[in-house]
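This is protein_19.cif. It holds mmCIF, C-alpha atoms.
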```
data_final
loop_
_atom_site.group_PDB
_atom_site.id
_atom_site.type_symbol
_atom_site.label_atom_id
_atom_site.label_comp_id
_atom_site.auth_asym_id
_atom_site.auth_seq_id
_atom_site.Cartn_x
_atom_site.Cartn_y
_atom_site.Cartn_z
ATOM 1 C CA MET L 156 54.463 56.634 -76.398
ATOM 2 C CA LYS L 157 54.742 55.627 -80.040
ATOM 3 C CA GLU L 158 51.614 54.539 -81.843
ATOM 4 C CA LEU L 159 51.424 50.758 -82.054
ATOM 5 C CA THR L 160 50.045 49.017 -85.130
ATOM 6 C CA ILE L 161 48.540 45.584 -84.423
ATOM 7 C CA VAL L 162 48.116 43.123 -87.283
ATOM 8 C CA HIS L 163 46.780 39.583 -87.320
ATOM 9 C CA THR L 164 47.477 38.342 -90.838
ATOM 10 C CA ILE L 165 50.655 37.640 -92.762
ATOM 11 C CA GLN L 166 49.460 39.682 -95.726
ATOM 12 C CA GLU L 167 48.797 42.772 -93.582
ATOM 13 C CA LEU L 168 52.208 42.531 -91.975
ATOM 14 C CA GLN L 169 54.127 42.074 -95.198
ATOM 15 C CA GLU L 170 52.312 44.943 -96.924
ATOM 16 C CA LEU L 171 53.211 47.219 -94.018
ATOM 17 C CA LEU L 172 56.844 46.110 -93.976
ATOM 18 C CA ASN L 173 57.231 46.393 -97.746
ATOM 19 C CA GLY L 174 56.191 50.030 -97.501
ATOM 20 C CA HIS L 175 58.756 50.715 -94.773
ATOM 21 C CA ARG L 176 61.517 48.908 -96.647
ATOM 22 C CA ARG L 177 60.919 51.060 -99.721
ATOM 23 C CA GLN L 178 61.910 53.947 -97.457
ATOM 24 C CA GLY L 179 65.174 52.138 -96.608
ATOM 25 C CA LEU L 180 64.250 51.426 -92.976
ATOM 26 C CA THR L 181 65.930 48.587 -91.078
ATOM 27 C CA VAL L 182 63.805 46.064 -89.171
ATOM 28 C CA GLY L 183 64.562 44.608 -85.744
ATOM 29 C CA TYR L 184 62.461 41.619 -84.728
ATOM 30 C CA VAL L 185 61.490 40.275 -81.294
ATOM 31 C CA PRO L 186 59.674 36.902 -81.443
ATOM 32 C CA THR L 187 57.741 36.003 -78.266
ATOM 33 C CA MET L 188 54.986 33.747 -76.981
ATOM 34 C CA GLY L 189 53.463 36.655 -75.057
ATOM 35 C CA PHE L 190 52.632 37.287 -71.412
ATOM 36 C CA LEU L 191 55.379 39.874 -71.631
ATOM 37 C CA HIS L 192 57.801 40.682 -68.825
ATOM 38 C CA GLU L 193 60.953 42.763 -68.423
ATOM 39 C CA GLY L 194 63.013 40.132 -70.221
ATOM 40 C CA HIS L 195 60.990 40.555 -73.404
ATOM 41 C CA LEU L 196 61.069 44.326 -73.035
ATOM 42 C CA SER L 197 64.872 44.283 -72.769
ATOM 43 C CA LEU L 198 64.892 42.664 -76.222
ATOM 44 C CA VAL L 199 62.757 45.530 -77.513
ATOM 45 C CA GLU L 200 65.122 48.055 -75.938
ATOM 46 C CA GLN L 201 68.079 46.506 -77.773
ATOM 47 C CA ALA L 202 66.127 46.366 -81.029
ATOM 48 C CA ARG L 203 65.169 50.033 -80.712
ATOM 49 C CA GLN L 204 68.824 51.020 -80.405
ATOM 50 C CA HIS L 205 69.924 49.180 -83.559
ATOM 51 C CA ASN L 206 67.000 49.548 -85.983
ATOM 52 C CA ASP L 207 64.570 52.048 -87.486
ATOM 53 C CA LEU L 208 61.552 49.810 -86.945
ATOM 54 C CA VAL L 209 60.751 47.203 -84.268
ATOM 55 C CA VAL L 210 58.415 44.289 -84.979
ATOM 56 C CA MET L 211 57.274 41.979 -82.187
ATOM 57 C CA SER L 212 55.298 38.797 -82.690
ATOM 58 C CA ILE L 213 53.162 37.079 -80.075
ATOM 59 C CA PHE L 214 52.326 33.508 -80.977
ATOM 60 C CA VAL L 215 52.011 30.531 -78.645
ATOM 61 C CA ASN L 216 53.340 27.936 -81.060
ATOM 62 C CA PRO L 217 51.488 24.609 -80.762
ATOM 63 C CA ALA L 218 54.159 22.829 -82.827
ATOM 64 C CA GLN L 219 56.710 23.032 -79.998
ATOM 65 C CA PHE L 220 54.492 21.600 -77.249
ATOM 66 C CA GLY L 221 54.446 17.841 -76.772
ATOM 67 C CA PRO L 222 51.648 15.664 -75.378
ATOM 68 C CA GLY L 223 50.889 16.530 -71.764
ATOM 69 C CA GLU L 224 52.862 19.793 -71.876
ATOM 70 C CA ASP L 225 51.430 23.144 -70.847
ATOM 71 C CA PHE L 226 50.120 24.535 -74.184
ATOM 72 C CA GLU L 227 46.600 25.186 -72.879
ATOM 73 C CA ALA L 228 47.885 26.438 -69.522
ATOM 74 C CA TYR L 229 50.497 28.766 -71.052
ATOM 75 C CA PRO L 230 49.585 32.254 -69.749
ATOM 76 C CA ARG L 231 47.969 34.609 -72.255
ATOM 77 C CA ASP L 232 46.811 38.234 -71.946
ATOM 78 C CA ALA L 233 46.657 39.965 -75.324
ATOM 79 C CA GLN L 234 45.375 43.316 -74.048
ATOM 80 C CA ARG L 235 48.046 43.595 -71.378
ATOM 81 C CA ASP L 236 50.750 42.559 -73.854
ATOM 82 C CA ALA L 237 49.677 45.167 -76.398
ATOM 83 C CA GLY L 238 49.906 47.884 -73.747
ATOM 84 C CA LEU L 239 53.387 46.812 -72.664
ATOM 85 C CA ALA L 240 54.565 46.546 -76.274
ATOM 86 C CA ALA L 241 53.338 50.066 -77.002
ATOM 87 C CA GLU L 242 55.039 51.472 -73.888
ATOM 88 C CA ALA L 243 58.310 49.748 -74.850
ATOM 89 C CA GLY L 244 58.324 51.320 -78.310
ATOM 90 C CA VAL L 245 57.265 48.433 -80.537
ATOM 91 C CA ASP L 246 56.088 49.740 -83.918
ATOM 92 C CA ILE L 247 54.243 46.689 -85.248
ATOM 93 C CA LEU L 248 52.760 43.861 -83.160
ATOM 94 C CA PHE L 249 52.012 40.688 -85.129
ATOM 95 C CA MET L 250 49.469 38.455 -83.351
ATOM 96 C CA PRO L 251 48.474 35.634 -85.710
ATOM 97 C CA SER L 252 46.160 32.741 -84.965
ATOM 98 C CA ALA L 253 47.284 29.126 -85.254
ATOM 99 C CA GLU L 254 45.107 28.853 -88.370
ATOM 100 C CA GLU L 255 46.916 31.811 -89.929
ATOM 101 C CA MET L 256 50.346 30.333 -89.227
ATOM 102 C CA TYR L 257 49.474 26.716 -90.066
ATOM 103 C CA PRO L 258 46.633 26.756 -92.628
ATOM 104 C CA GLN L 259 47.670 23.381 -94.022
ATOM 105 C CA GLU L 260 50.179 20.688 -93.158
ATOM 106 C CA GLY L 261 52.375 19.378 -95.948
ATOM 107 C CA GLY L 262 54.327 16.983 -93.757
ATOM 108 C CA ILE L 263 57.725 18.621 -94.340
ATOM 109 C CA ARG L 264 59.857 18.640 -91.185
ATOM 110 C CA ILE L 265 62.972 20.495 -90.075
ATOM 111 C CA LEU L 266 65.164 18.267 -87.929
ATOM 112 C CA PRO L 267 67.682 19.916 -85.596
ATOM 113 C CA GLY L 268 71.063 18.247 -85.119
ATOM 114 C CA ALA L 269 72.934 16.915 -82.107
ATOM 115 C CA GLN L 270 72.464 20.146 -80.135
ATOM 116 C CA ALA L 271 68.789 19.220 -79.705
ATOM 117 C CA ALA L 272 69.604 15.898 -78.003
ATOM 118 C CA GLU L 273 70.982 17.635 -74.884
ATOM 119 C CA LEU L 274 69.369 19.605 -72.048
ATOM 120 C CA CYS L 275 65.637 20.260 -72.657
ATOM 121 C CA GLY L 276 65.720 18.365 -75.929
ATOM 122 C CA ALA L 277 66.586 15.093 -74.176
ATOM 123 C CA SER L 278 63.219 14.971 -72.401
ATOM 124 C CA ARG L 279 61.175 16.862 -75.007
ATOM 125 C CA PRO L 280 61.485 14.946 -78.289
ATOM 126 C CA GLY L 281 60.249 16.995 -81.209
ATOM 127 C CA HIS L 282 60.286 20.268 -79.259
ATOM 128 C CA PHE L 283 63.047 21.897 -81.277
ATOM 129 C CA ASP L 284 61.568 20.583 -84.535
ATOM 130 C CA GLY L 285 58.586 22.775 -83.679
ATOM 131 C CA VAL L 286 60.778 25.704 -82.648
ATOM 132 C CA LEU L 287 62.716 25.695 -85.933
ATOM 133 C CA LYS L 288 59.495 25.262 -87.902
ATOM 134 C CA VAL L 289 57.938 28.414 -86.485
ATOM 135 C CA VAL L 290 61.213 30.372 -86.439
ATOM 136 C CA LEU L 291 61.783 29.739 -90.154
ATOM 137 C CA LYS L 292 58.213 30.764 -90.949
ATOM 138 C CA LEU L 293 58.510 33.936 -88.866
ATOM 139 C CA PHE L 294 61.894 34.869 -90.349
ATOM 140 C CA ASN L 295 60.457 34.419 -93.847
ATOM 141 C CA ILE L 296 57.345 36.437 -92.990
ATOM 142 C CA VAL L 297 59.126 39.342 -91.252
ATOM 143 C CA ASP L 298 62.494 39.174 -93.095
ATOM 144 C CA PRO L 299 64.234 41.114 -90.300
ATOM 145 C CA ASP L 300 67.694 42.631 -90.473
ATOM 146 C CA ARG L 301 68.298 41.603 -86.854
ATOM 147 C CA SER L 302 66.461 39.235 -84.512
ATOM 148 C CA TYR L 303 66.726 39.392 -80.726
ATOM 149 C CA PHE L 304 66.772 36.404 -78.367
ATOM 150 C CA GLY L 305 67.331 36.188 -74.623
ATOM 151 C CA MET L 306 70.073 34.060 -73.115
ATOM 152 C CA LYS L 307 67.705 32.339 -70.656
ATOM 153 C CA ASP L 308 66.699 29.910 -73.404
ATOM 154 C CA ALA L 309 70.352 29.256 -74.185
ATOM 155 C CA GLN L 310 69.833 25.906 -75.912
ATOM 156 C CA GLN L 311 67.165 27.376 -78.174
ATOM 157 C CA LEU L 312 69.465 30.307 -78.940
ATOM 158 C CA ALA L 313 72.403 28.025 -79.809
ATOM 159 C CA ILE L 314 70.225 25.936 -82.143
ATOM 160 C CA ILE L 315 68.767 29.012 -83.860
ATOM 161 C CA GLU L 316 72.250 30.525 -84.322
ATOM 162 C CA THR L 317 73.383 27.260 -85.925
ATOM 163 C CA PHE L 318 70.266 27.135 -88.114
ATOM 164 C CA VAL L 319 70.780 30.697 -89.362
ATOM 165 C CA ARG L 320 74.467 30.024 -90.062
ATOM 166 C CA ASP L 321 74.022 26.671 -91.782
ATOM 167 C CA PHE L 322 71.100 27.732 -93.973
ATOM 168 C CA ASN L 323 72.370 31.236 -94.816
ATOM 169 C CA LEU L 324 69.316 33.003 -93.442
ATOM 170 C CA ARG L 325 69.556 36.757 -93.882
ATOM 171 C CA THR L 326 68.831 37.884 -90.349
ATOM 172 C CA ALA L 327 71.585 38.506 -87.778
ATOM 173 C CA ILE L 328 70.953 36.947 -84.353
ATOM 174 C CA VAL L 329 71.576 39.258 -81.391
ATOM 175 C CA ARG L 330 72.048 37.717 -77.925
ATOM 176 C CA VAL L 331 70.533 39.644 -75.023
ATOM 177 C CA PRO L 332 71.459 38.840 -71.379
ATOM 178 C CA THR L 333 68.872 37.241 -69.080
ATOM 179 C CA VAL L 334 66.817 39.696 -67.043
ATOM 180 C CA ARG L 335 66.378 38.679 -63.407
ATOM 181 C CA GLU L 336 64.316 39.542 -60.374
ATOM 182 C CA GLN L 337 66.166 41.251 -57.522
ATOM 183 C CA ASP L 338 66.643 37.874 -55.819
ATOM 184 C CA GLY L 339 68.219 36.334 -58.934
ATOM 185 C CA LEU L 340 65.283 34.359 -60.356
ATOM 186 C CA ALA L 341 65.228 34.546 -64.150
ATOM 187 C CA LYS L 342 62.175 36.400 -65.467
ATOM 188 C CA SER L 343 59.791 33.936 -67.097
ATOM 189 C CA SER L 344 56.153 33.879 -68.128
ATOM 190 C CA ARG L 345 55.917 30.556 -66.284
ATOM 191 C CA ASN L 346 56.845 32.088 -62.907
ATOM 192 C CA VAL L 347 53.161 32.904 -62.354
ATOM 193 C CA HIS L 348 52.527 29.173 -61.857
ATOM 194 C CA LEU L 349 54.802 28.985 -58.794
ATOM 195 C CA THR L 350 53.170 28.761 -55.381
ATOM 196 C CA GLU L 351 54.156 31.353 -52.796
ATOM 197 C CA LEU L 352 56.603 28.921 -51.177
ATOM 198 C CA GLU L 353 58.059 27.813 -54.525
ATOM 199 C CA ARG L 354 58.589 31.447 -55.524
ATOM 200 C CA MET L 355 60.624 31.935 -52.340
ATOM 201 C CA GLU L 356 62.660 28.803 -53.098
ATOM 202 C CA ALA L 357 63.237 29.367 -56.824
ATOM 203 C CA PRO L 358 66.225 31.774 -56.492
ATOM 204 C CA ALA L 359 68.182 28.768 -55.184
ATOM 205 C CA ILE L 360 68.532 27.726 -58.835
ATOM 206 C CA GLN L 361 70.687 30.710 -59.768
ATOM 207 C CA ARG L 362 72.669 30.497 -56.521
ATOM 208 C CA ALA L 363 73.492 26.865 -57.310
ATOM 209 C CA LEU L 364 74.599 27.800 -60.826
ATOM 210 C CA GLN L 365 76.857 30.528 -59.410
ATOM 211 C CA LYS L 366 78.396 27.907 -57.136
ATOM 212 C CA GLY L 367 78.974 25.769 -60.238
ATOM 213 C CA ALA L 368 80.750 28.654 -61.957
ATOM 214 C CA LEU L 369 83.161 28.915 -59.016
ATOM 215 C CA LEU L 370 83.851 25.178 -59.254
ATOM 216 C CA VAL L 371 84.628 25.556 -62.981
ATOM 217 C CA ALA L 372 87.129 28.300 -62.128
ATOM 218 C CA GLU L 373 88.714 25.988 -59.551
ATOM 219 C CA GLY L 374 89.127 23.244 -62.155
ATOM 220 C CA ALA L 375 86.721 20.728 -60.601
ATOM 221 C CA LYS L 376 85.638 17.684 -62.600
ATOM 222 C CA VAL L 377 82.527 17.990 -64.770
ATOM 223 C CA LYS L 378 80.544 15.268 -62.968
ATOM 224 C CA ASP L 379 81.413 16.740 -59.570
ATOM 225 C CA ILE L 380 80.253 20.197 -60.674
ATOM 226 C CA GLU L 381 76.966 18.850 -62.031
ATOM 227 C CA GLN L 382 76.347 16.846 -58.860
ATOM 228 C CA GLN L 383 77.095 19.731 -56.508
ATOM 229 C CA VAL L 384 74.808 22.091 -58.441
ATOM 230 C CA ALA L 385 72.000 19.519 -58.383
ATOM 231 C CA ASP L 386 72.506 18.840 -54.677
ATOM 232 C CA ALA L 387 72.335 22.553 -53.868
ATOM 233 C CA ILE L 388 69.033 22.957 -55.736
ATOM 234 C CA VAL L 389 67.469 19.915 -54.064
ATOM 235 C CA LYS L 390 68.692 20.982 -50.623
ATOM 236 C CA ASN L 391 67.293 24.501 -50.912
ATOM 237 C CA SER L 392 64.030 23.974 -52.785
ATOM 238 C CA SER L 393 61.147 21.551 -53.215
ATOM 239 C CA GLY L 394 61.857 21.311 -56.933
ATOM 240 C CA SER L 395 62.963 18.074 -58.571
ATOM 241 C CA ILE L 396 65.865 18.008 -61.007
ATOM 242 C CA ASP L 397 65.139 17.344 -64.670
ATOM 243 C CA TYR L 398 68.793 17.872 -65.594
ATOM 244 C CA VAL L 399 71.964 19.720 -64.660
ATOM 245 C CA SER L 400 74.558 19.693 -67.455
ATOM 246 C CA LEU L 401 77.935 21.286 -68.078
ATOM 247 C CA LEU L 402 78.615 21.570 -71.820
ATOM 248 C CA ALA L 403 80.661 23.484 -74.376
ATOM 249 C CA TYR L 404 78.753 26.518 -75.666
ATOM 250 C CA PRO L 405 77.276 27.014 -78.219
ATOM 251 C CA ALA L 406 78.171 23.553 -79.591
ATOM 252 C CA LEU L 407 76.441 21.839 -76.605
ATOM 253 C CA THR L 408 78.910 18.963 -76.597
ATOM 254 C CA ARG L 409 80.866 17.299 -73.798
ATOM 255 C CA ASP L 410 84.140 18.426 -75.415
ATOM 256 C CA ILE L 411 84.845 21.326 -73.074
ATOM 257 C CA ASP L 412 88.612 21.265 -73.691
ATOM 258 C CA ASN L 413 88.215 22.891 -77.108
ATOM 259 C CA THR L 414 85.805 25.744 -76.479
ATOM 260 C CA ASN L 415 85.996 29.358 -75.357
ATOM 261 C CA GLU L 416 82.850 29.135 -73.235
ATOM 262 C CA VAL L 417 80.941 26.549 -71.243
ATOM 263 C CA ILE L 418 77.373 26.542 -70.038
ATOM 264 C CA ILE L 419 75.941 25.071 -66.868
ATOM 265 C CA ALA L 420 72.243 24.650 -67.600
ATOM 266 C CA CYS L 421 69.436 23.149 -65.568
ATOM 267 C CA ALA L 422 65.720 22.463 -65.572
ATOM 268 C CA VAL L 423 63.810 22.136 -62.303
ATOM 269 C CA LYS L 424 60.247 20.871 -61.961
ATOM 270 C CA PHE L 425 57.947 22.443 -59.395
ATOM 271 C CA SER L 426 54.339 21.439 -58.727
ATOM 272 C CA LYS L 427 52.759 23.260 -61.676
ATOM 273 C CA THR L 428 55.643 24.405 -63.849
ATOM 274 C CA ARG L 429 59.182 23.707 -65.007
ATOM 275 C CA LEU L 430 61.869 26.394 -64.785
ATOM 276 C CA ILE L 431 65.074 26.576 -66.801
ATOM 277 C CA ASP L 432 68.164 28.657 -66.130
ATOM 278 C CA ASN L 433 71.832 28.703 -67.021
ATOM 279 C CA ILE L 434 75.125 30.434 -66.568
ATOM 280 C CA ILE L 435 77.697 30.854 -69.341
ATOM 281 C CA ILE L 436 81.335 30.895 -68.225
ATOM 282 C CA PRO L 437 84.273 32.083 -70.338
ATOM 283 C CA LEU L 438 87.280 29.754 -70.181
ATOM 284 C CA LYS L 439 89.822 31.971 -71.937
ATOM 285 C CA GLY L 440 90.720 35.621 -71.828
#
```

Using structure tokens, write down the structure that the file contains.
Amino acid sequence: MKELTIVHTIQELQELLNGHRRQGLTVGYVPTMGFLHEGHLSLVEQARQHNDLVVMSIFVNPAQFGPGEDFEAYPRDAQRDAGLAAEAGVDILFMPSAEEMYPQEGGIRILPGAQAAELCGASRPGHFDGVLKVVLKLFNIVDPDRSYFGMKDAQQLAIIETFVRDFNLRTAIVRVPTVREQDGLAKSSRNVHLTELERMEAPAIQRALQKGALLVAEGAKVKDIEQQVADAIVKNSSGSIDYVSLLAYPALTRDIDNTNEVIIACAVKFSKTRLIDNIIIPLKG
């Protein structure tokens, strides 16, 4: 196991990284909100392959949680996370406080574009403002050569890719496939909030999305695909549908005739948590 260095302040982190950069080392970065699982560790594995140094951050970002959302309930276990990060080969673990990240508020906002009005953004106004706020800060603090994001949060990934492209940020974004349980449920820190029955039902989400992918291949109409996916989830689980949407990817528009890929994405509310999942389907080639 590699020795893990844990830092809590921006100054500590940047001093460490400046020393490594003087040696010509490349930096791979894995941003997380902690309570690590195999999905996060797959990001580390990819980062290890491509870079000399791997930095992970753990920060539950208050700016992306709206009123009544699960900021306080979001699972946290710093000691466990540090052990998993060390085992996975993380070199530097950055664990700042909210006061360290947001010492003062100047009122400047970053507003995402039309991509943020779809999917999760439709019912979570301001969420992606907060995501881009913290992502820009973290990219500026770490200044990574490559940054690794999982495909489970596909809307977030699409918005961050657009942000990096449009604002000429230096880091390259690397997509990493969703890691799943054996029964198909996407790994998520929020899965711990499922009851025993809900955990048994939750794989119905991915099965419904797979059914949707078959309907896309058969040339079914968009509304019919969305309805059949939603019906399958409702029939096979106690979850309630927040949304099921078929969109062009990564543009996240309804114009699916002029794209190479589409996404079927959904959010499903259970008693104590809300799960998201998606499937991306190539249309050409």

Expansion of the PyMOL selection byres ((chain L and resi 334) around 9) into residues, as an MDAnalysis selection string: chainID L and resid 193:195 197 305:307 331:333 335:336 339:342

When you count all atoms listed in the file, which of these residues is closest to Asp232 (chain L): L:Met256, L:Ile213, L:Leu430, L:Ile388? L:Ile213

Pick from L:Asp308, L:Gly238, L:Asp225, L:Asp300, whichever lies nearest to Leu180 (chain L) using all atoms listed in the file: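 Using all atoms listed in the file, Leu180 (chain L) sits closest to L:Asp300.
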
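Residue nearest Gly394 (chain L) within the list L:Ala357, L:Val417, L:Ile314, L:Ile380: L:Ala357 [criterion: smallest interatomic distance, all atoms listed in the file].
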
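Across the structure, CA of Asn415 (chain L) and CA of Ser278 (chain L) are spaced 27.1 Å apart.
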
Mind pulling up the distance from CA of Leu291 (chain L) to CA of Val319 (chain L)? 9.1 Å

Using all atoms listed in the file, find all polymer residues with an atom at most 12 Å away from the point (72.3, 18.8, -55.9); report them as a VMD selection string. chain L and resid 359 to 360 362 to 364 366 to 367 378 to 400 421 423

Evaluate the PyMOL selection byres ((chain L and resi 436) around 10) against this structure - the residues, as a list of chain:residue names, please.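 Applied to this file, the PyMOL selection byres ((chain L and resi 436) around 10) returns L:Gln365, L:Gly367, L:Ala368, L:Leu369, L:Val371, L:Ala372, L:Ala403, L:Tyr404, L:Asn415, L:Glu416, L:Val417, L:Ile418, L:Ile419, L:Asn433, L:Ile434, L:Ile435, L:Pro437, L:Leu438, L:Lys439.
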
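Take CA of Gly183 (chain L) and CA of Thr164 (chain L): the distance between them is 18.9 Å.
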
My list of candidates is L:Leu159, L:Val215, L:Ile328, L:Ile315. Which is closest to Ser252 (chain L) when distances are computed with all atoms listed in the file?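 So, comparing all the options, the nearest one is L:Val215.
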
To verify the selection step, state as a PyMOL selection string which residues the PyMOL selection byres ((chain L and resi 188) around 9) yields on this input. chain L and resi 186-187+189-191+212-216+229+231+344

Find the residues near Val185 (chain L): any atom within 8 Å, counting all atoms listed in the file, skip ones fewer than 5 places away on the same chain, and give them as a PyMOL selection string. chain L and resi 195+198-199+202+209-212+302-304

Identify the residues within 12 Å of coordinate (57.2, 48.2, -95.2) (same frame as the file), considering all atoms listed in the file, and give the answer as an MDAnalysis selection string. chainID L and resid 166:182 207:210 246:247 296:299

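Using all atoms listed in the file, the smallest distance between any of L:Lys376, L:Pro358, L:Leu324, L:Ser426 and Gln337 (chain L) comes from L:Pro358.
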
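Across L:Arg279, L:Lys424, L:Arg330, L:His163, the tightest approach to Leu248 (chain L) is made by L:His163 when counting all atoms listed in the file.
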
Reconstruct region 251-271 of chain L at the level of N, CA and C atoms, and format the result as a PDB file, in the coordinates of the input.
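So rebuild.pdb came out as:
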```pdb
ATOM      1  N   PRO L 251      49.233  36.535 -84.841  1.00  0.00           N
ATOM      2  CA  PRO L 251      48.474  35.634 -85.710  1.00  0.00           C
ATOM      3  C   PRO L 251      47.794  34.518 -84.923  1.00  0.00           C
ATOM      4  N   SER L 252      46.781  33.941 -85.521  1.00  0.00           N
ATOM      5  CA  SER L 252      46.160  32.741 -84.965  1.00  0.00           C
ATOM      6  C   SER L 252      46.936  31.521 -85.435  1.00  0.00           C
ATOM      7  N   ALA L 253      46.658  30.372 -84.812  1.00  0.00           N
ATOM      8  CA  ALA L 253      47.284  29.126 -85.254  1.00  0.00           C
ATOM      9  C   ALA L 253      46.855  28.790 -86.683  1.00  0.00           C
ATOM     10  N   GLU L 254      45.609  29.124 -87.014  1.00  0.00           N
ATOM     11  CA  GLU L 254      45.107  28.853 -88.370  1.00  0.00           C
ATOM     12  C   GLU L 254      45.820  29.724 -89.401  1.00  0.00           C
ATOM     13  N   GLU L 255      46.183  30.931 -89.017  1.00  0.00           N
ATOM     14  CA  GLU L 255      46.916  31.811 -89.929  1.00  0.00           C
ATOM     15  C   GLU L 255      48.328  31.294 -90.161  1.00  0.00           C
ATOM     16  N   MET L 256      48.964  30.806 -89.107  1.00  0.00           N
ATOM     17  CA  MET L 256      50.346  30.333 -89.227  1.00  0.00           C
ATOM     18  C   MET L 256      50.431  28.945 -89.852  1.00  0.00           C
ATOM     19  N   TYR L 257      49.441  28.098 -89.560  1.00  0.00           N
ATOM     20  CA  TYR L 257      49.474  26.716 -90.066  1.00  0.00           C
ATOM     21  C   TYR L 257      48.162  26.374 -90.774  1.00  0.00           C
ATOM     22  N   PRO L 258      47.904  27.013 -91.932  1.00  0.00           N
ATOM     23  CA  PRO L 258      46.633  26.756 -92.628  1.00  0.00           C
ATOM     24  C   PRO L 258      46.522  25.350 -93.200  1.00  0.00           C
ATOM     25  N   GLN L 259      47.659  24.757 -93.532  1.00  0.00           N
ATOM     26  CA  GLN L 259      47.670  23.381 -94.022  1.00  0.00           C
ATOM     27  C   GLN L 259      48.985  22.732 -93.634  1.00  0.00           C
ATOM     28  N   GLU L 260      48.991  21.420 -93.596  1.00  0.00           N
ATOM     29  CA  GLU L 260      50.179  20.688 -93.158  1.00  0.00           C
ATOM     30  C   GLU L 260      50.670  19.796 -94.284  1.00  0.00           C
ATOM     31  N   GLY L 261      51.828  20.133 -94.829  1.00  0.00           N
ATOM     32  CA  GLY L 261      52.375  19.378 -95.948  1.00  0.00           C
ATOM     33  C   GLY L 261      53.253  18.217 -95.543  1.00  0.00           C
ATOM     34  N   GLY L 262      53.533  18.109 -94.235  1.00  0.00           N
ATOM     35  CA  GLY L 262      54.327  16.983 -93.757  1.00  0.00           C
ATOM     36  C   GLY L 262      55.827  17.182 -93.806  1.00  0.00           C
ATOM     37  N   ILE L 263      56.285  18.351 -94.284  1.00  0.00           N
ATOM     38  CA  ILE L 263      57.725  18.621 -94.340  1.00  0.00           C
ATOM     39  C   ILE L 263      58.214  18.997 -92.949  1.00  0.00           C
ATOM     40  N   ARG L 264      59.326  18.404 -92.523  1.00  0.00           N
ATOM     41  CA  ARG L 264      59.857  18.640 -91.185  1.00  0.00           C
ATOM     42  C   ARG L 264      61.264  19.227 -91.265  1.00  0.00           C
ATOM     43  N   ILE L 265      61.606  20.003 -90.263  1.00  0.00           N
ATOM     44  CA  ILE L 265      62.972  20.495 -90.075  1.00  0.00           C
ATOM     45  C   ILE L 265      63.522  19.779 -88.854  1.00  0.00           C
ATOM     46  N   LEU L 266      64.606  19.061 -89.021  1.00  0.00           N
ATOM     47  CA  LEU L 266      65.164  18.267 -87.929  1.00  0.00           C
ATOM     48  C   LEU L 266      66.444  18.913 -87.415  1.00  0.00           C
ATOM     49  N   PRO L 267      66.458  19.367 -86.163  1.00  0.00           N
ATOM     50  CA  PRO L 267      67.682  19.916 -85.596  1.00  0.00           C
ATOM     51  C   PRO L 267      68.716  18.818 -85.391  1.00  0.00           C
ATOM     52  N   GLY L 268      69.984  19.221 -85.263  1.00  0.00           N
ATOM     53  CA  GLY L 268      71.063  18.247 -85.119  1.00  0.00           C
ATOM     54  C   GLY L 268      71.312  17.837 -83.686  1.00  0.00           C
ATOM     55  N   ALA L 269      72.563  17.488 -83.404  1.00  0.00           N
ATOM     56  CA  ALA L 269      72.934  16.915 -82.107  1.00  0.00           C
ATOM     57  C   ALA L 269      72.694  17.880 -80.948  1.00  0.00           C
ATOM     58  N   GLN L 270      72.715  19.183 -81.213  1.00  0.00           N
ATOM     59  CA  GLN L 270      72.464  20.146 -80.135  1.00  0.00           C
ATOM     60  C   GLN L 270      71.112  19.909 -79.462  1.00  0.00           C
ATOM     61  N   ALA L 271      70.141  19.402 -80.229  1.00  0.00           N
ATOM     62  CA  ALA L 271      68.789  19.220 -79.705  1.00  0.00           C
ATOM     63  C   ALA L 271      68.646  17.971 -78.849  1.00  0.00           C
TER      64      ALA L 271
END
```
